[in-house]
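Have a look at coords_28.txt below; it lists compact mmCIF, C-alpha atoms.
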# COMPACT_ATOMS: atom_id res chain seq x y z
CA MET M 124 61.73 -68.96 -16.57
CA ARG M 125 58.96 -66.99 -18.21
CA ASN M 126 58.99 -64.22 -20.75
CA ASP M 127 55.34 -63.26 -20.34
CA LYS M 128 54.36 -60.25 -22.43
CA LYS M 129 50.67 -60.37 -21.58
CA ASP M 130 51.07 -58.32 -18.40
CA ASN M 131 52.97 -55.08 -19.04
CA GLN M 132 52.73 -53.82 -15.48
CA TYR M 133 56.17 -55.20 -14.65
CA ARG M 134 59.11 -56.04 -16.90
CA ILE M 135 60.61 -59.49 -16.40
CA ASN M 136 63.60 -61.49 -17.59
CA GLU M 137 64.82 -60.46 -21.09
CA GLN M 138 62.42 -57.50 -21.10
CA ILE M 139 64.82 -55.82 -18.65
CA ARG M 140 67.41 -54.17 -20.88
CA VAL M 141 69.51 -52.03 -18.57
CA ARG M 142 73.21 -52.54 -17.88
CA GLU M 143 72.85 -53.46 -14.20
CA VAL M 144 70.15 -53.98 -11.57
CA ARG M 145 69.84 -54.03 -7.81
CA ILE M 146 68.54 -57.35 -6.51
CA VAL M 147 66.70 -57.22 -3.17
CA GLY M 148 65.87 -60.15 -0.94
CA ASP M 149 65.62 -61.27 2.66
CA ASP M 150 69.42 -61.00 3.01
CA GLY M 151 69.63 -57.41 1.78
CA SER M 152 70.46 -56.04 -1.66
CA THR M 153 73.28 -56.16 -4.17
CA VAL M 154 74.02 -54.49 -7.51
CA VAL M 155 75.00 -56.88 -10.31
CA PRO M 156 75.10 -56.80 -14.13
CA THR M 157 71.72 -57.64 -15.61
CA GLN M 158 73.13 -60.66 -17.44
CA GLN M 159 74.43 -62.04 -14.15
CA ALA M 160 71.04 -61.46 -12.53
CA LEU M 161 69.39 -63.44 -15.35
CA GLU M 162 71.84 -66.30 -14.75
CA MET M 163 71.00 -66.26 -11.04
CA ALA M 164 67.29 -66.46 -11.87
CA ARG M 165 67.86 -69.42 -14.21
CA GLU M 166 69.86 -71.26 -11.57
CA GLU M 167 67.07 -70.83 -9.01
CA GLY M 168 64.33 -71.62 -11.51
CA VAL M 169 62.53 -68.33 -10.96
CA ASP M 170 62.03 -65.02 -12.78
CA LEU M 171 63.89 -61.72 -12.63
CA VAL M 172 61.09 -59.22 -11.87
CA GLU M 173 61.64 -55.45 -12.03
CA ILE M 174 59.72 -53.88 -9.14
CA SER M 175 61.11 -50.32 -9.17
CA PRO M 176 62.06 -49.23 -12.70
CA ASN M 177 62.77 -45.59 -11.82
CA ALA M 178 65.43 -46.35 -9.23
CA GLN M 179 69.12 -46.07 -10.14
CA PRO M 180 69.81 -48.84 -10.87
CA PRO M 181 66.34 -50.44 -11.27
CA VAL M 182 65.34 -52.71 -8.38
CA CYS M 183 64.50 -56.35 -9.10
CA ARG M 184 63.51 -59.50 -7.25
CA LEU M 185 64.24 -63.15 -7.94
CA ILE M 186 60.80 -64.71 -7.66
CA ASP M 187 58.27 -66.71 -9.64
CA TYR M 188 56.29 -64.12 -11.59
CA SER M 189 52.92 -65.74 -10.89
CA LYS M 190 53.69 -65.83 -7.17
CA PHE M 191 54.79 -62.19 -7.29
CA LEU M 192 51.52 -61.08 -8.93
CA TYR M 193 49.53 -63.06 -6.37
CA GLN M 194 51.37 -61.36 -3.51
CA GLN M 195 50.74 -57.94 -5.02
CA LYS M 196 47.01 -58.58 -5.48
CA LYS M 197 46.74 -59.94 -1.94
CA ARG M 198 48.52 -56.89 -0.53
CA MET M 199 46.26 -54.50 -2.43
CA LYS M 200 43.17 -56.37 -1.22
CA GLU M 201 44.35 -56.14 2.39
CA MET M 202 45.06 -52.42 2.06
CA LYS M 203 41.62 -51.82 0.56
CA ALA M 204 39.96 -53.78 3.37
CA LYS M 205 41.70 -51.62 5.98
CA GLN M 206 40.54 -48.39 4.40
CA VAL M 207 37.47 -46.91 6.08
CA LYS M 208 35.37 -44.90 3.69
CA VAL M 209 33.89 -41.94 5.53
CA GLU M 210 31.04 -40.10 3.87
CA VAL M 211 29.54 -36.75 4.82
CA LYS M 212 25.77 -36.97 5.15
CA GLU M 213 23.67 -33.82 5.02
CA ILE M 214 20.70 -33.03 7.26
CA ARG M 215 18.68 -29.95 6.33
CA PHE M 216 16.41 -27.97 8.62
CA GLY M 217 14.24 -24.90 8.30
CA PRO M 218 14.38 -22.22 11.02
CA GLN M 219 10.94 -23.32 12.25
CA THR M 220 11.20 -27.11 11.87
CA ASP M 221 8.36 -28.86 13.69
CA GLU M 222 8.94 -31.55 16.32
CA HIS M 223 7.92 -34.47 14.11
CA ASP M 224 10.34 -33.48 11.33
CA TYR M 225 13.08 -32.82 13.89
CA GLN M 226 12.77 -36.31 15.42
CA PHE M 227 12.72 -37.92 11.98
CA LYS M 228 15.98 -36.21 10.97
CA LEU M 229 17.55 -36.81 14.36
CA LYS M 230 16.97 -40.56 13.90
CA HIS M 231 18.64 -40.51 10.47
CA ALA M 232 21.62 -38.52 11.75
CA LYS M 233 22.11 -40.96 14.60
CA GLY M 234 22.15 -43.84 12.13
CA PHE M 235 24.71 -42.07 9.93
CA LEU M 236 27.04 -41.47 12.88
CA GLU M 237 26.70 -45.03 14.14
CA GLU M 238 27.76 -46.26 10.70
CA GLY M 239 30.94 -44.18 10.95
CA ASN M 240 29.90 -41.29 8.68
CA LYS M 241 30.14 -37.59 9.38
CA VAL M 242 27.06 -35.38 9.50
CA ARG M 243 26.74 -31.84 8.19
CA ALA M 244 23.56 -30.34 9.58
CA TYR M 245 22.42 -26.95 8.43
CA VAL M 246 19.51 -24.55 8.73
CA PHE M 247 18.51 -22.89 5.47
CA PHE M 248 17.12 -19.37 5.79
CA ARG M 249 14.86 -18.44 2.90
CA GLY M 250 14.18 -14.74 2.29
CA ARG M 251 13.37 -12.81 5.45
CA SER M 252 13.65 -15.93 7.59
CA ILE M 253 17.31 -14.90 8.13
CA LEU M 254 15.85 -12.79 10.93
CA PHE M 255 15.37 -16.06 12.83
CA LYS M 256 19.06 -17.03 12.77
CA GLU M 257 19.13 -17.19 16.61
CA GLN M 258 16.32 -19.73 16.44
CA GLY M 259 18.34 -21.72 13.92
CA GLU M 260 21.34 -21.72 16.27
CA VAL M 261 19.10 -22.96 19.10
CA LEU M 262 17.93 -25.78 16.86
CA LEU M 263 21.47 -26.87 15.90
CA LEU M 264 22.69 -26.77 19.49
CA ARG M 265 19.78 -28.93 20.55
CA PHE M 266 20.58 -31.26 17.68
CA ALA M 267 24.20 -31.57 18.86
CA ASN M 268 23.09 -32.17 22.42
CA ASP M 269 20.69 -34.95 21.40
CA LEU M 270 23.50 -36.70 19.48
CA GLU M 271 26.27 -36.34 22.07
CA GLU M 272 26.35 -40.10 22.75
CA VAL M 273 27.26 -40.98 19.16
CA GLY M 274 28.72 -37.78 17.69
CA LYS M 275 31.33 -35.16 18.51
CA VAL M 276 30.89 -31.55 17.44
CA GLU M 277 33.73 -30.29 15.23
CA GLY M 278 32.84 -26.63 15.63
CA MET M 279 30.20 -24.23 16.87
CA PRO M 280 27.30 -23.36 14.51
CA SER M 281 28.51 -20.91 11.85
CA LEU M 282 26.55 -18.84 9.35
CA GLU M 283 27.69 -19.03 5.73
CA GLY M 284 25.47 -17.00 3.44
CA LYS M 285 21.91 -18.21 3.96
CA LYS M 286 22.95 -21.41 5.72
CA MET M 287 24.03 -22.07 9.28
CA PHE M 288 26.20 -25.18 9.53
CA LEU M 289 27.08 -27.63 12.28
CA TYR M 290 29.53 -30.49 11.71
CA LEU M 291 29.49 -33.74 13.67
CA ALA M 292 32.00 -36.59 13.56
CA PRO M 293 31.34 -40.12 14.81
CA LYS M 294 32.78 -40.99 18.20
CA LYS M 295 33.57 -44.44 16.84
CA ALA M 296 34.90 -45.40 13.40
CA GLY M 297 31.95 -47.72 12.94
CA ILE M 298 30.09 -50.38 14.88
CA ALA M 299 28.61 -53.75 14.06
CA LYS M 300 25.12 -53.64 12.65
CA LYS M 301 22.35 -54.37 15.09
CA SER M 302 20.05 -57.32 14.75
CA GLN M 303 16.76 -56.76 12.97
CA GLN M 304 14.86 -57.55 16.17
CA LYS M 305 16.81 -54.93 18.12
CA ARG M 306 16.29 -52.35 15.37
CA ASP M 307 12.54 -53.09 15.36
CA ASN M 308 12.35 -52.71 19.14
CA GLU M 309 14.24 -49.43 19.02
CA ARG M 310 12.01 -48.21 16.21
CA ARG M 311 8.87 -48.99 18.20
CA GLU M 312 10.30 -47.29 21.28
CA ALA M 313 11.24 -44.25 19.21
CA GLU M 314 7.78 -44.08 17.65
CA ALA M 315 6.11 -44.35 21.06
CA LYS M 316 8.41 -41.67 22.43
CA GLU M 317 7.77 -39.50 19.39
CA SER M 318 4.02 -39.89 19.77
CA SER M 319 4.26 -38.94 23.43
CA GLN M 320 6.43 -35.95 22.63
CA GLN M 321 4.05 -34.84 19.90
CA GLN M 322 1.15 -35.04 22.32
CA ASP M 323 3.08 -33.00 24.87
CA ALA M 324 3.98 -30.52 22.15
CA ASN M 325 0.32 -30.09 21.22
CA ASN M 326 -0.65 -29.57 24.86
CA ASN M 327 2.23 -27.25 25.68
CA SER M 328 3.03 -25.49 22.42
CA GLY M 329 3.58 -22.22 24.24
CA ASN M 330 6.48 -23.69 26.22
CA ASN M 331 8.37 -25.31 23.34
CA LEU M 332 10.64 -22.40 22.48
CA LEU M 333 11.55 -21.86 26.16
CA ALA M 334 12.33 -25.56 26.58
CA ASN M 335 14.46 -25.64 23.44
CA ALA M 336 16.32 -22.52 24.55
CA LYS M 337 17.09 -24.17 27.89
CA ILE M 338 18.39 -27.25 26.10
CA SER M 339 20.53 -25.08 23.82
CA VAL M 340 22.07 -23.24 26.77
CA GLU M 341 23.03 -26.55 28.37
CA ALA M 342 24.39 -27.79 25.04
CA LEU M 343 26.36 -24.57 24.54
CA GLU M 344 27.96 -24.94 27.98
CA LYS M 345 28.92 -28.55 27.18
CA LEU M 346 30.40 -27.60 23.81
CA LYS M 347 32.43 -24.77 25.31
CA SER M 348 33.67 -27.13 28.01
CA GLN M 349 34.67 -29.70 25.36
CA GLU M 350 36.54 -27.06 23.31
CA GLN M 351 38.48 -25.95 26.42
CA GLU M 352 39.42 -29.57 27.16
CA ASP M 353 40.56 -30.09 23.53
What do you get writing this file as structure tokens?
Amino acid sequence: MRNDKKDNQYRINEQIRVREVRIVGDDGSTVVPTQQALEMAREEGVDLVEISPNAQPPVCRLIDYSKFLYQQKKRMKEMKAKQVKVEVKEIRFGPQTDEHDYQFKLKHAKGFLEEGNKVRAYVFFRGRSILFKEQGEVLLLRFANDLEEVGKVEGMPSLEGKKMFLYLAPKKAGIAKKSQQKRDNERREAEAKESSQQQDANNNSGNNLLANAKISVEALEKLKSQEQED
């Protein structure tokens, strides 16, 4: 038996100075005088470990103290491993964000969602730009539509002060990281697509707002349909 005073997290053996204790084990539990519990521990060659001091009477186990601490540390490690830490990543837009900046932020948001994080996208209206709040809503709806494969919208765009927010949650809790080769290929494809889109944007700048509005209408219909299903 041990009378280890180095670890004060749990009282053991003679450190337990109550009149009686409840001993728990695989066969159930029983209340006995503390002195009897100490005798039982000596006979089995183990320690009397107090695991619930605030219970009436305190709850104890007959177990080797070192083994008990190992089990506790192992259990805590397993619980920590099962916990999924979800962070909220912010993506900021202006009411007149250009196509290049939009694609850059869209790529980052997709990566955040694929890693299991939430995304809070918002359009910041500075000064008189609040007059363009409809344009900001169009932008956020397009953003949600472009991320529908990896993210789920948690609510329609809402204006709070000078910011219009849109919240997205990952459709999956997290996925395995892609190989470097696959990420490089996707990056090159995205850059080529971005270059092509930029060229189209330069050639058809007059049609951009109409195209975005069409996308936003389709996205709005999808979001309303999803809310009705939920």
(message) Quick one: residues within 12 Å of stretch 162-164 of chain M, all atoms listed in the file, excluding same-chain residues fewer than 4 positions away - as a VMD selection string?
(response) chain M and resid 124 to 125 135 to 137 146 155 to 158 168 to 172 183 to 188
Could you produce a table of the residues of stretch 177-261 of chain M lying within 10 Å of stretch 277-287 of chain M, with the nearest pair of atoms per residue and their separation in Å rounded to one decimal, using all atoms listed in the file, ordered by chain and increasing residue number, as CSV?
residue,atom,partner,partner_atom,distance
M:Arg215,CA,M:Lys286,CA,9.6
M:Phe216,CA,M:Met287,CA,9.7
M:Gly217,CA,M:Lys286,CA,9.7
M:Pro218,CA,M:Met287,CA,9.8
M:Ala244,CA,M:Met287,CA,8.3
M:Tyr245,CA,M:Met287,CA,5.2
M:Val246,CA,M:Met287,CA,5.2
M:Phe247,CA,M:Lys286,CA,4.7
M:Phe248,CA,M:Lys285,CA,5.3
M:Arg249,CA,M:Lys285,CA,7.1
M:Gly250,CA,M:Lys285,CA,8.6
M:Ser252,CA,M:Lys285,CA,9.3
M:Ile253,CA,M:Lys285,CA,7.0
M:Lys256,CA,M:Met287,CA,7.9
M:Gly259,CA,M:Met287,CA,7.4
M:Glu260,CA,M:Pro280,CA,6.4
M:Val261,CA,M:Pro280,CA,9.4
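Nearest to M:Ala292 of all the residues M:Lys212, M:Lys230, M:Lys190, M:Arg311 is M:Lys212, based on only C-alpha atoms.
Using only C-alpha atoms, the shortest contact distance between M:Gly234 and any of M:Pro293, M:Arg265, M:Lys203, M:Glu167 is found at M:Pro293.
Proximity of M:Leu192, M:Leu270, M:Val144, M:Leu254 to M:Lys228, computed with all atoms listed in the file, is greatest for M:Leu270.
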(request) Please indicate the distance in Å from atom CA of M:Glu237 to atom CA of M:Arg198, rounded to one decimal place. (result) 28.8 Å
